[in-house]
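Asks: Contents are mmCIF, C-alpha atoms; file name run35.cif:
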data_model
#
loop_
_atom_site.group_PDB
_atom_site.id
_atom_site.type_symbol
_atom_site.label_atom_id
_atom_site.label_comp_id
_atom_site.auth_asym_id
_atom_site.auth_seq_id
_atom_site.Cartn_x
_atom_site.Cartn_y
_atom_site.Cartn_z
ATOM 1 C CA MET J 11 204.152 -20.838 89.872
ATOM 2 C CA PRO J 12 204.373 -23.075 86.755
ATOM 3 C CA LEU J 13 201.113 -24.683 85.674
ATOM 4 C CA VAL J 14 200.931 -28.448 86.212
ATOM 5 C CA SER J 15 198.535 -30.502 84.081
ATOM 6 C CA VAL J 16 197.373 -33.771 85.652
ATOM 7 C CA LEU J 17 195.943 -36.128 83.037
ATOM 8 C CA VAL J 18 193.642 -38.720 84.638
ATOM 9 C CA ILE J 19 192.749 -41.546 82.263
ATOM 10 C CA PHE J 20 189.392 -43.200 83.015
ATOM 11 C CA TYR J 21 187.461 -46.134 81.624
ATOM 12 C CA ASN J 22 184.684 -47.853 83.610
ATOM 13 C CA GLN J 23 186.182 -46.792 86.935
ATOM 14 C CA GLU J 24 183.097 -45.362 88.595
ATOM 15 C CA LYS J 25 184.033 -46.662 92.025
ATOM 16 C CA TYR J 26 187.473 -45.015 91.878
ATOM 17 C CA VAL J 27 186.640 -41.581 90.426
ATOM 18 C CA LYS J 28 186.018 -39.773 93.693
ATOM 19 C CA GLU J 29 189.066 -41.192 95.466
ATOM 20 C CA ALA J 30 191.379 -40.416 92.534
ATOM 21 C CA LEU J 31 190.175 -36.857 91.974
ATOM 22 C CA ASP J 32 190.040 -36.082 95.711
ATOM 23 C CA SER J 33 193.703 -37.100 96.055
ATOM 24 C CA ILE J 34 194.627 -34.536 93.378
ATOM 25 C CA LEU J 35 192.348 -31.791 94.697
ATOM 26 C CA ALA J 36 193.944 -32.245 98.148
ATOM 27 C CA GLN J 37 197.386 -31.250 96.815
ATOM 28 C CA ASP J 38 198.866 -28.077 98.341
ATOM 29 C CA TYR J 39 200.097 -26.854 94.945
ATOM 30 C CA GLN J 40 197.940 -24.059 93.580
ATOM 31 C CA GLY J 41 198.861 -23.945 89.880
ATOM 32 C CA LEU J 42 197.029 -27.114 88.948
ATOM 33 C CA GLU J 43 194.678 -28.168 86.139
ATOM 34 C CA ILE J 44 193.080 -31.597 86.057
ATOM 35 C CA ILE J 45 192.235 -33.123 82.685
ATOM 36 C CA ALA J 46 189.736 -35.927 83.394
ATOM 37 C CA ALA J 47 189.552 -38.004 80.211
ATOM 38 C CA ASP J 48 186.881 -40.687 79.914
ATOM 39 C CA ASP J 49 186.980 -43.220 77.081
ATOM 40 C CA ALA J 50 183.202 -43.729 76.584
ATOM 41 C CA SER J 51 182.672 -45.610 79.838
ATOM 42 C CA THR J 52 179.518 -47.702 80.091
ATOM 43 C CA ASP J 53 179.089 -47.112 83.837
ATOM 44 C CA GLY J 54 178.686 -43.839 85.761
ATOM 45 C CA THR J 55 182.288 -42.635 85.317
ATOM 46 C CA ALA J 56 181.491 -39.788 82.898
ATOM 47 C CA ALA J 57 178.606 -38.517 85.032
ATOM 48 C CA LEU J 58 180.833 -38.367 88.116
ATOM 49 C CA ILE J 59 183.532 -36.504 86.179
ATOM 50 C CA GLN J 60 180.966 -33.929 85.053
ATOM 51 C CA GLN J 61 179.736 -33.565 88.624
ATOM 52 C CA PHE J 62 183.265 -32.888 89.873
ATOM 53 C CA ALA J 63 183.889 -30.437 87.022
ATOM 54 C CA ALA J 64 180.756 -28.493 87.962
ATOM 55 C CA GLU J 65 182.074 -28.151 91.523
ATOM 56 C CA HIS J 66 185.753 -27.445 90.761
ATOM 57 C CA ALA J 67 186.845 -24.885 88.172
ATOM 58 C CA ASN J 68 190.260 -26.497 87.656
ATOM 59 C CA ILE J 69 188.792 -29.818 86.437
ATOM 60 C CA LYS J 70 188.412 -30.048 82.673
ATOM 61 C CA PRO J 71 186.415 -33.027 81.402
ATOM 62 C CA VAL J 72 187.419 -34.626 78.098
ATOM 63 C CA LEU J 73 184.651 -37.097 77.277
ATOM 64 C CA SER J 74 184.555 -39.475 74.301
ATOM 65 C CA ASN J 75 181.409 -40.827 72.666
ATOM 66 C CA VAL J 76 183.222 -43.821 71.166
ATOM 67 C CA ASN J 77 185.713 -46.064 72.932
ATOM 68 C CA GLY J 78 189.107 -45.585 71.287
ATOM 69 C CA GLY J 79 191.397 -47.336 73.755
ATOM 70 C CA ILE J 80 193.968 -46.138 76.272
ATOM 71 C CA THR J 81 196.445 -44.645 73.820
ATOM 72 C CA GLN J 82 193.853 -42.536 72.025
ATOM 73 C CA ASN J 83 192.385 -41.397 75.338
ATOM 74 C CA CYS J 84 195.853 -40.357 76.566
ATOM 75 C CA ASN J 85 196.461 -38.327 73.411
ATOM 76 C CA LYS J 86 193.095 -36.564 73.725
ATOM 77 C CA ALA J 87 193.975 -35.604 77.286
ATOM 78 C CA LEU J 88 197.447 -34.515 76.169
ATOM 79 C CA GLN J 89 195.976 -32.212 73.519
ATOM 80 C CA ALA J 90 193.872 -30.502 76.178
ATOM 81 C CA ALA J 91 196.796 -29.901 78.581
ATOM 82 C CA ARG J 92 198.294 -26.403 78.906
ATOM 83 C CA GLY J 93 200.838 -26.937 81.667
ATOM 84 C CA ARG J 94 204.596 -26.765 81.608
ATOM 85 C CA PHE J 95 204.706 -29.855 83.813
ATOM 86 C CA LEU J 96 202.711 -32.989 83.121
ATOM 87 C CA VAL J 97 201.464 -35.945 85.174
ATOM 88 C CA VAL J 98 199.676 -38.913 83.581
ATOM 89 C CA MET J 99 197.862 -41.229 85.986
ATOM 90 C CA GLY J 100 195.296 -43.989 85.791
ATOM 91 C CA GLY J 101 191.810 -43.356 87.086
ATOM 92 C CA ASP J 102 192.331 -45.939 89.826
ATOM 93 C CA ASP J 103 195.616 -44.522 91.167
ATOM 94 C CA LEU J 104 196.217 -41.980 93.929
ATOM 95 C CA MET J 105 198.557 -39.154 94.907
ATOM 96 C CA MET J 106 199.996 -38.721 98.363
ATOM 97 C CA PRO J 107 199.759 -35.248 99.975
ATOM 98 C CA GLY J 108 202.445 -32.809 98.806
ATOM 99 C CA ARG J 109 203.469 -34.861 95.796
ATOM 100 C CA ILE J 110 203.046 -32.142 93.143
ATOM 101 C CA SER J 111 204.953 -29.566 95.188
ATOM 102 C CA ARG J 112 207.841 -31.965 95.782
ATOM 103 C CA GLN J 113 208.216 -32.826 92.106
ATOM 104 C CA VAL J 114 207.984 -29.221 90.920
ATOM 105 C CA GLU J 115 210.602 -28.326 93.519
ATOM 106 C CA TYR J 116 212.830 -31.090 92.136
ATOM 107 C CA PHE J 117 212.639 -29.632 88.630
ATOM 108 C CA ILE J 118 213.423 -26.143 89.906
ATOM 109 C CA GLN J 119 216.517 -27.498 91.659
ATOM 110 C CA ASN J 120 217.472 -29.748 88.707
ATOM 111 C CA PRO J 121 216.607 -27.744 85.585
ATOM 112 C CA ALA J 122 218.304 -30.186 83.180
ATOM 113 C CA ALA J 123 215.960 -33.070 84.071
ATOM 114 C CA SER J 124 213.001 -33.910 81.852
ATOM 115 C CA VAL J 125 211.409 -36.645 84.019
ATOM 116 C CA CYS J 126 211.032 -36.997 87.788
ATOM 117 C CA CYS J 127 209.833 -40.243 89.401
ATOM 118 C CA THR J 128 208.897 -41.179 92.983
ATOM 119 C CA ASP J 129 208.716 -44.275 95.138
ATOM 120 C CA VAL J 130 205.369 -46.053 94.816
ATOM 121 C CA GLU J 131 203.158 -47.900 97.250
ATOM 122 C CA VAL J 132 201.546 -50.777 95.349
ATOM 123 C CA PHE J 133 198.262 -51.640 97.042
ATOM 124 C CA PHE J 134 195.659 -54.297 96.350
ATOM 125 C CA ASP J 135 191.882 -54.223 96.307
ATOM 126 C CA GLU J 136 189.869 -56.816 98.212
ATOM 127 C CA ASN J 137 192.897 -58.220 100.077
ATOM 128 C CA ALA J 138 194.167 -59.742 96.823
ATOM 129 C CA GLY J 139 197.787 -59.248 97.864
ATOM 130 C CA LYS J 140 200.103 -57.653 100.401
ATOM 131 C CA ASN J 141 200.918 -53.977 99.900
ATOM 132 C CA TYR J 142 204.555 -53.142 99.225
ATOM 133 C CA VAL J 143 206.791 -50.192 98.311
ATOM 134 C CA TYR J 144 208.333 -50.238 94.842
ATOM 135 C CA ARG J 145 211.565 -48.352 94.177
ATOM 136 C CA ASN J 146 212.933 -48.482 90.643
ATOM 137 C CA LYS J 147 216.714 -48.849 90.966
ATOM 138 C CA VAL J 148 217.491 -47.634 87.439
ATOM 139 C CA PHE J 149 215.703 -44.328 87.998
ATOM 140 C CA TYR J 150 216.776 -44.056 91.645
ATOM 141 C CA HIS J 151 220.464 -44.318 90.736
ATOM 142 C CA LYS J 152 219.941 -41.920 87.801
ATOM 143 C CA LYS J 153 221.290 -44.292 85.186
ATOM 144 C CA GLY J 154 221.177 -43.411 81.505
ATOM 145 C CA VAL J 155 218.704 -44.116 78.718
ATOM 146 C CA PHE J 156 220.389 -47.442 77.824
ATOM 147 C CA SER J 157 219.586 -48.818 81.285
ATOM 148 C CA ILE J 158 216.082 -47.354 81.224
ATOM 149 C CA ILE J 159 215.348 -49.205 77.960
ATOM 150 C CA ALA J 160 216.966 -52.472 79.056
ATOM 151 C CA GLN J 161 215.401 -52.710 82.525
ATOM 152 C CA GLU J 162 212.842 -55.407 83.183
ATOM 153 C CA ASN J 163 210.105 -53.207 84.671
ATOM 154 C CA MET J 164 209.333 -49.555 84.028
ATOM 155 C CA PRO J 165 208.082 -47.585 87.064
ATOM 156 C CA PRO J 166 204.355 -46.838 86.970
ATOM 157 C CA THR J 167 203.848 -43.769 84.785
ATOM 158 C CA SER J 168 201.481 -42.487 87.485
ATOM 159 C CA ALA J 169 204.576 -41.846 89.637
ATOM 160 C CA MET J 170 206.241 -39.583 87.072
ATOM 161 C CA MET J 171 206.170 -35.889 86.280
ATOM 162 C CA PHE J 172 207.406 -34.621 82.922
ATOM 163 C CA ASP J 173 208.860 -31.233 82.051
ATOM 164 C CA TYR J 174 206.731 -31.010 78.940
ATOM 165 C CA ASP J 175 208.415 -27.843 77.754
ATOM 166 C CA LYS J 176 211.374 -30.120 77.000
ATOM 167 C CA CYS J 177 209.203 -32.948 75.644
ATOM 168 C CA ARG J 178 206.936 -31.076 73.217
ATOM 169 C CA GLY J 179 206.020 -33.171 70.205
ATOM 170 C CA ILE J 180 206.202 -36.514 72.022
ATOM 171 C CA VAL J 181 202.839 -38.282 72.023
ATOM 172 C CA PHE J 182 201.527 -41.761 72.830
ATOM 173 C CA ASP J 183 202.206 -43.906 69.762
ATOM 174 C CA PRO J 184 198.939 -45.427 68.427
ATOM 175 C CA ARG J 185 200.810 -48.514 67.226
ATOM 176 C CA THR J 186 200.997 -49.588 70.877
ATOM 177 C CA PRO J 187 197.343 -49.402 71.971
ATOM 178 C CA VAL J 188 197.835 -50.744 75.523
ATOM 179 C CA VAL J 189 201.292 -49.839 76.887
ATOM 180 C CA SER J 190 202.242 -46.782 74.846
ATOM 181 C CA ASP J 191 203.456 -45.116 78.047
ATOM 182 C CA TRP J 192 206.718 -47.145 77.892
ATOM 183 C CA LEU J 193 207.832 -45.485 74.673
ATOM 184 C CA PHE J 194 206.534 -42.108 75.842
ATOM 185 C CA VAL J 195 208.627 -42.293 79.026
ATOM 186 C CA VAL J 196 211.805 -43.398 77.231
ATOM 187 C CA GLU J 197 211.593 -40.610 74.657
ATOM 188 C CA CYS J 198 210.923 -38.018 77.355
ATOM 189 C CA CYS J 199 213.980 -39.256 79.276
ATOM 190 C CA MET J 200 216.065 -38.653 76.153
ATOM 191 C CA ARG J 201 215.221 -34.945 76.337
ATOM 192 C CA GLY J 202 217.084 -34.330 79.585
ATOM 193 C CA GLY J 203 217.368 -37.376 81.804
ATOM 194 C CA ALA J 204 215.434 -38.894 84.681
ATOM 195 C CA GLY J 205 215.495 -37.798 88.308
ATOM 196 C CA TYR J 206 214.092 -39.474 91.404
ATOM 197 C CA ILE J 207 212.572 -38.597 94.755
ATOM 198 C CA GLY J 208 213.050 -41.447 97.220
ATOM 199 C CA GLU J 209 209.742 -40.933 99.013
ATOM 200 C CA VAL J 210 206.392 -42.692 98.641
ATOM 201 C CA LEU J 211 204.353 -40.001 96.908
ATOM 202 C CA THR J 212 202.221 -42.206 94.652
ATOM 203 C CA ARG J 213 199.844 -45.108 95.295
ATOM 204 C CA TYR J 214 199.397 -47.601 92.445
ATOM 205 C CA ARG J 215 196.311 -49.807 92.683
ATOM 206 C CA ARG J 216 196.331 -53.483 91.709
ATOM 207 C CA HIS J 217 193.068 -55.293 91.013
ATOM 208 C CA SER J 218 191.672 -57.933 88.689
ATOM 209 C CA ASN J 219 190.499 -55.353 86.133
ATOM 210 C CA ASN J 220 193.893 -53.708 85.562
ATOM 211 C CA ILE J 221 194.377 -53.434 81.811
ATOM 212 C CA THR J 222 197.909 -54.769 82.106
ATOM 213 C CA ALA J 223 197.414 -56.854 85.233
ATOM 214 C CA TYR J 224 200.698 -58.601 86.017
ATOM 215 C CA GLY J 225 201.974 -57.916 82.501
ATOM 216 C CA ILE J 226 201.050 -61.289 80.965
ATOM 217 C CA GLU J 227 198.168 -60.480 78.596
ATOM 218 C CA ASN J 228 198.838 -61.036 74.914
ATOM 219 C CA ALA J 229 198.146 -57.392 74.117
ATOM 220 C CA HIS J 230 200.669 -56.287 76.705
ATOM 221 C CA LEU J 231 203.310 -58.649 75.331
ATOM 222 C CA GLN J 232 202.647 -57.607 71.749
ATOM 223 C CA ASP J 233 202.818 -53.903 72.590
ATOM 224 C CA ARG J 234 206.163 -54.258 74.329
ATOM 225 C CA LEU J 235 207.637 -56.051 71.323
ATOM 226 C CA ILE J 236 206.266 -53.375 68.984
ATOM 227 C CA TYR J 237 207.639 -50.682 71.278
ATOM 228 C CA THR J 238 211.170 -52.102 71.048
ATOM 229 C CA ASP J 239 210.878 -52.292 67.245
ATOM 230 C CA ILE J 240 209.804 -48.656 67.052
ATOM 231 C CA LEU J 241 212.538 -47.594 69.438
ATOM 232 C CA PHE J 242 215.256 -49.365 67.457
ATOM 233 C CA SER J 243 214.016 -47.951 64.126
ATOM 234 C CA ARG J 244 214.164 -44.426 65.553
ATOM 235 C CA TYR J 245 217.344 -44.796 67.598
ATOM 236 C CA PRO J 246 219.620 -47.525 66.131
ATOM 237 C CA ARG J 247 222.296 -46.713 68.704
ATOM 238 C CA PHE J 248 220.106 -48.450 71.315
ATOM 239 C CA LYS J 249 219.939 -51.768 69.419
ATOM 240 C CA ARG J 250 221.632 -53.737 72.207
ATOM 241 C CA ALA J 251 219.369 -52.253 74.891
ATOM 242 C CA CYS J 252 216.315 -53.156 72.802
ATOM 243 C CA LYS J 253 217.520 -56.735 72.385
ATOM 244 C CA ILE J 254 218.096 -57.052 76.133
ATOM 245 C CA GLN J 255 214.573 -55.741 76.751
ATOM 246 C CA ARG J 256 213.108 -58.225 74.253
ATOM 247 C CA CYS J 257 215.005 -61.063 75.934
ATOM 248 C CA LYS J 258 213.453 -60.144 79.274
ATOM 249 C CA ILE J 259 209.986 -59.950 77.716
ATOM 250 C CA PHE J 260 210.267 -63.519 76.380
ATOM 251 C CA TYR J 261 211.813 -64.703 79.655
ATOM 252 C CA ASN J 262 208.855 -63.411 81.668
ATOM 253 C CA VAL J 263 206.422 -65.232 79.373
ATOM 254 C CA ALA J 264 208.536 -68.374 79.758
ATOM 255 C CA LYS J 265 208.241 -68.115 83.545
ATOM 256 C CA ARG J 266 204.469 -68.020 83.228
ATOM 257 C CA TYR J 267 204.504 -71.173 81.084
ATOM 258 C CA PHE J 268 206.830 -72.846 83.592
ATOM 259 C CA ILE J 269 204.422 -72.149 86.458
ATOM 260 C CA GLN J 270 201.603 -73.602 84.327
ATOM 261 C CA ALA J 271 203.761 -76.719 83.734
ATOM 262 C CA ASP J 272 203.713 -76.041 79.991
ATOM 263 C CA PHE J 273 207.392 -76.817 79.513
ATOM 264 C CA LYS J 274 207.272 -77.068 75.718
ATOM 265 C CA ASN J 275 206.078 -73.475 75.313
ATOM 266 C CA CYS J 276 208.363 -72.428 78.141
ATOM 267 C CA ARG J 277 211.390 -73.643 76.177
ATOM 268 C CA SER J 278 210.091 -72.019 72.970
ATOM 269 C CA MET J 279 209.989 -68.660 74.730
ATOM 270 C CA LEU J 280 213.445 -69.219 76.205
ATOM 271 C CA ILE J 281 214.865 -69.934 72.753
ATOM 272 C CA ALA J 282 213.376 -66.627 71.598
ATOM 273 C CA ALA J 283 214.872 -64.908 74.662
ATOM 274 C CA LEU J 284 218.369 -66.302 74.129
ATOM 275 C CA LEU J 285 218.323 -65.492 70.422
ATOM 276 C CA GLU J 286 217.882 -61.865 71.466
ATOM 277 C CA TRP J 287 220.521 -61.914 74.217
ATOM 278 C CA PRO J 288 222.442 -65.184 74.732
ATOM 279 C CA PHE J 289 224.090 -64.046 77.984
ATOM 280 C CA HIS J 290 220.917 -63.817 80.086
ATOM 281 C CA LEU J 291 221.710 -66.113 83.010
ATOM 282 C CA LYS J 292 218.099 -66.354 84.228
ATOM 283 C CA SER J 293 216.970 -67.657 80.847
ATOM 284 C CA ILE J 294 219.814 -70.191 80.773
ATOM 285 C CA ALA J 295 218.948 -71.381 84.286
ATOM 286 C CA LEU J 296 215.242 -71.679 83.470
ATOM 287 C CA TRP J 297 216.071 -73.615 80.294
ATOM 288 C CA TRP J 298 217.852 -76.321 82.274
ATOM 289 C CA GLY J 299 215.240 -76.156 85.017
ATOM 290 C CA SER J 300 212.445 -76.798 82.519
ATOM 291 C CA PHE J 301 213.741 -80.365 82.016
ATOM 292 C CA MET J 302 213.168 -81.015 85.723
ATOM 293 C CA GLY J 303 210.092 -78.812 85.876
ATOM 294 C CA LYS J 304 207.631 -81.253 87.436
ATOM 295 C CA THR J 305 210.045 -82.087 90.238
ATOM 296 C CA ILE J 306 210.765 -78.415 90.904
ATOM 297 C CA LEU J 307 207.064 -77.503 90.959
ATOM 298 C CA ARG J 308 206.273 -80.364 93.376
ATOM 299 C CA LYS J 309 208.950 -79.101 95.772
ATOM 300 C CA LEU J 310 207.680 -75.536 95.515
ATOM 301 C CA LYS J 311 204.139 -76.639 96.398
ATOM 302 C CA LYS J 312 205.277 -78.414 99.581
#
As structure tokens, what does this structure read like?

Replies:
Amino acid sequence: MPLVSVLVIFYNQEKYVKEALDSILAQDYQGLEIIAADDASTDGTAALIQQFAAEHANIKPVLSNVNGGITQNCNKALQAARGRFLVVMGGDDLMMPGRISRQVEYFIQNPAASVCCTDVEVFFDENAGKNYVYRNKVFYHKKGVFSIIAQENMPPTSAMMFDYDKCRGIVFDPRTPVVSDWLFVVECCMRGGAGYIGEVLTRYRRHSNNITAYGIENAHLQDRLIYTDILFSRYPRFKRACKIQRCKIFYNVAKRYFIQADFKNCRSMLIAALLEWPFHLKSIALWWGSFMGKTILRKLKK
């Protein structure tokens, strides 16, 4: 039974610790180690992790005295992992029963794969939104690395398992302090390809304190642009895919400006988008729509 390392990345998530760790401890897979990494939380997160570790021999706490950010915390957890297979999940996310067994079984049946993803239930705290099931079409249809890079949204990393025997040496790049998992996933996919299980085996929590809530923070935007630069410098053959990804990044920022009725900045972002990839029809449509923006927004509000 291959060892599976589950890296759980915590920061000030005291109210989620028990639920997250219980969902992993409830798995029916026996060869499991849980690396609970806390990034110098200022609430009771670290104390709860230590309490769980005292009660469960397969929980290994990795506690930091100084806050170093998500990327550094992920790498500390990664250094502590011993498993052949690897799961990286946020401290506010959950596993469905049987998830680990299903993904290990997938790798046994598909030995060439290096990544296996699942369907995800996105759920909201405090009735902030309506729960829905997310299925990533690029992964589901087992498309290649070009499509994985160029797609608009990466599946939540919490839904993935990695065959880390194939991915040794890949770490979370410190130049992207917030969303380093994007580059990590892409490079792992290059080692063997991505597979998919079309079942909801992961629950991804949305709340107001998500680090990358809705993907519009400046840090999130900056990291994604840096990530495409790094990717192109390492793998020039994926230049076009990187430019398509950058176009979509600018387009999504433009949409936010459009909703805020800031049409000047909206058009600035669309110019940046179309300079990257001039054939993006959504950007072209939004460009023309921005000149009638007030009228469009009034109709949408009715």

Asks: Pull the closest atom pair for each residue of region 64-122 of chain J that gets at most 8 Å from region 185-208 of chain J, along with the distance in Å to one decimal, counting only C-alpha atoms, ordering rows by chain and then ascending residue number, as JSON lines.

Replies:
{"residue": "J:Gly79", "atom": "CA", "partner": "J:Pro187", "partner_atom": "CA", "distance": 6.5}
{"residue": "J:Ile80", "atom": "CA", "partner": "J:Val188", "partner_atom": "CA", "distance": 6.1}
{"residue": "J:Thr81", "atom": "CA", "partner": "J:Pro187", "partner_atom": "CA", "distance": 5.2}
{"residue": "J:Gln82", "atom": "CA", "partner": "J:Pro187", "partner_atom": "CA", "distance": 7.7}
{"residue": "J:Gln113", "atom": "CA", "partner": "J:Ile207", "partner_atom": "CA", "distance": 7.7}
{"residue": "J:Tyr116", "atom": "CA", "partner": "J:Ile207", "partner_atom": "CA", "distance": 8.0}
{"residue": "J:Ala122", "atom": "CA", "partner": "J:Gly202", "partner_atom": "CA", "distance": 5.6}

Asks: Report the residues retrieved by the PyMOL selection byres ((chain J and resi 152-169) around 6) from the displayed file, expressed as a PDB file with C-alpha atoms, in the frame of the given file.

Replies:
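Saved the output as selection_20.pdb:
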ATOM      1  CA  VAL J  98     199.676 -38.913  83.581  1.00  0.00           C
ATOM      2  CA  MET J  99     197.862 -41.229  85.986  1.00  0.00           C
ATOM      3  CA  CYS J 127     209.833 -40.243  89.401  1.00  0.00           C
ATOM      4  CA  THR J 128     208.897 -41.179  92.983  1.00  0.00           C
ATOM      5  CA  VAL J 148     217.491 -47.634  87.439  1.00  0.00           C
ATOM      6  CA  PHE J 149     215.703 -44.328  87.998  1.00  0.00           C
ATOM      7  CA  TYR J 150     216.776 -44.056  91.645  1.00  0.00           C
ATOM      8  CA  HIS J 151     220.464 -44.318  90.736  1.00  0.00           C
ATOM      9  CA  MET J 170     206.241 -39.583  87.072  1.00  0.00           C
ATOM     10  CA  THR J 212     202.221 -42.206  94.652  1.00  0.00           C
ATOM     11  CA  ALA J 251     219.369 -52.253  74.891  1.00  0.00           C
ATOM     12  CA  ILE J 254     218.096 -57.052  76.133  1.00  0.00           C
ATOM     13  CA  GLN J 255     214.573 -55.741  76.751  1.00  0.00           C
TER      14      GLN J 255
END

Asks: For Asp173 (chain J), work out the shell of residues within 9 Å, counting only C-alpha atoms and skipping chain neighbours fewer than 2 positions away, then give it as a PyMOL selection string.

Replies: chain J and resi 94-96+117+123-126+171+175-177+198

Asks: (217.3, -69.5, 81.4) in this file's frame - what residues fall within 12 Å of it? Use only C-alpha atoms and give the answer as a compact mmCIF listing (two decimals) with C-alpha atoms, in the frame of the given file.

Replies:
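What landed in selection-v7.txt:
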# COMPACT_ATOMS: atom_id res chain seq x y z
CA CYS J 257 215.00 -61.06 75.93
CA LYS J 258 213.45 -60.14 79.27
CA PHE J 260 210.27 -63.52 76.38
CA TYR J 261 211.81 -64.70 79.66
CA ASN J 262 208.86 -63.41 81.67
CA VAL J 263 206.42 -65.23 79.37
CA ALA J 264 208.54 -68.37 79.76
CA LYS J 265 208.24 -68.11 83.54
CA PHE J 268 206.83 -72.85 83.59
CA CYS J 276 208.36 -72.43 78.14
CA ARG J 277 211.39 -73.64 76.18
CA SER J 278 210.09 -72.02 72.97
CA MET J 279 209.99 -68.66 74.73
CA LEU J 280 213.44 -69.22 76.20
CA ILE J 281 214.86 -69.93 72.75
CA ALA J 282 213.38 -66.63 71.60
CA ALA J 283 214.87 -64.91 74.66
CA LEU J 284 218.37 -66.30 74.13
CA LEU J 285 218.32 -65.49 70.42
CA TRP J 287 220.52 -61.91 74.22
CA PRO J 288 222.44 -65.18 74.73
CA PHE J 289 224.09 -64.05 77.98
CA HIS J 290 220.92 -63.82 80.09
CA LEU J 291 221.71 -66.11 83.01
CA LYS J 292 218.10 -66.35 84.23
CA SER J 293 216.97 -67.66 80.85
CA ILE J 294 219.81 -70.19 80.77
CA ALA J 295 218.95 -71.38 84.29
CA LEU J 296 215.24 -71.68 83.47
CA TRP J 297 216.07 -73.61 80.29
CA TRP J 298 217.85 -76.32 82.27
CA GLY J 299 215.24 -76.16 85.02
CA SER J 300 212.44 -76.80 82.52
CA PHE J 301 213.74 -80.36 82.02

Asks: Write out as a list in words each polymer residue whose atoms come within 9 Å of Cys84 (chain J), counting only C-alpha atoms; drop sequence neighbours fewer than 4 positions from it.

Replies: Leu17, Val18, Ile19, Ala47, Gly79, Ile80, Leu88, Gln89, Val98, Val181 and Phe182 of chain J

Asks: Counting all atoms listed in the file, which residues have an atom no more than 7 Å from (201.0, -29.3, 81.6) in the file's coordinates? Please list them as a list in words.

Replies: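 Answer for this query, in the requested form: Leu13, Val14, Ser15, Ala91, Arg92, Gly93, Arg94, Phe95, Leu96 and Tyr174 of chain J.
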
Asks: When you draw a straight line from CA of Arg256 (chain J) to CA of Phe134 (chain J), how long is it in Å?

Replies: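 Computed distance, CA of Arg256 (chain J) to CA of Phe134 (chain J), equals 28.4 Å.
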
Asks: Evaluate the PyMOL selection byres ((chain J and resi 71) around 10) and record the selected residues as an mmCIF file with C-alpha atoms, in the frame of the given file, following the chain and residue labels used in the document.

Replies:
data_model
loop_
_atom_site.group_PDB
_atom_site.id
_atom_site.type_symbol
_atom_site.label_atom_id
_atom_site.label_comp_id
_atom_site.auth_asym_id
_atom_site.auth_seq_id
_atom_site.Cartn_x
_atom_site.Cartn_y
_atom_site.Cartn_z
ATOM 1 C CA VAL J 18 193.642 -38.720 84.638
ATOM 2 C CA ILE J 44 193.080 -31.597 86.057
ATOM 3 C CA ILE J 45 192.235 -33.123 82.685
ATOM 4 C CA ALA J 46 189.736 -35.927 83.394
ATOM 5 C CA ALA J 47 189.552 -38.004 80.211
ATOM 6 C CA ASP J 48 186.881 -40.687 79.914
ATOM 7 C CA ALA J 56 181.491 -39.788 82.898
ATOM 8 C CA ILE J 59 183.532 -36.504 86.179
ATOM 9 C CA GLN J 60 180.966 -33.929 85.053
ATOM 10 C CA GLN J 61 179.736 -33.565 88.624
ATOM 11 C CA PHE J 62 183.265 -32.888 89.873
ATOM 12 C CA ALA J 63 183.889 -30.437 87.022
ATOM 13 C CA ALA J 64 180.756 -28.493 87.962
ATOM 14 C CA ASN J 68 190.260 -26.497 87.656
ATOM 15 C CA ILE J 69 188.792 -29.818 86.437
ATOM 16 C CA LYS J 70 188.412 -30.048 82.673
ATOM 17 C CA VAL J 72 187.419 -34.626 78.098
ATOM 18 C CA LEU J 73 184.651 -37.097 77.277
ATOM 19 C CA SER J 74 184.555 -39.475 74.301
ATOM 20 C CA ALA J 87 193.975 -35.604 77.286
ATOM 21 C CA ALA J 90 193.872 -30.502 76.178
#

Asks: Report the distance between CA of Met105 (chain J) and CA of Lys140 (chain J) in Å, rounded to one decimal place.

Replies: 19.4 Å

Asks: I would like the residues chosen by the PyMOL selection byres ((chain J and resi 142-145) around 6) on the shown file; could you give them as a list in words?

Replies: Asp129, Val130, Glu131, Val132, Asn141 and Asn146 of chain J

Asks: Pick from J:Asp233, J:Asp53, J:Asp183, J:Glu65: nearest to Lys25 (chain J), with all atoms listed in the file counted?

Replies: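 Selected residue with least distance to Lys25 (chain J): J:Asp53.
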
Asks: Just give me the gap between CA of Val114 (chain J) and CA of Lys147 (chain J) in Å, one decimal is fine.

Replies: 21.5 Å

Asks: Closest to Thr52 (chain J) among J:Ala30, J:Phe20, J:Arg234, J:Ile118, using all atoms listed in the file?

Replies: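 Looking at the shortest contact to Thr52 (chain J), the residue is J:Phe20.
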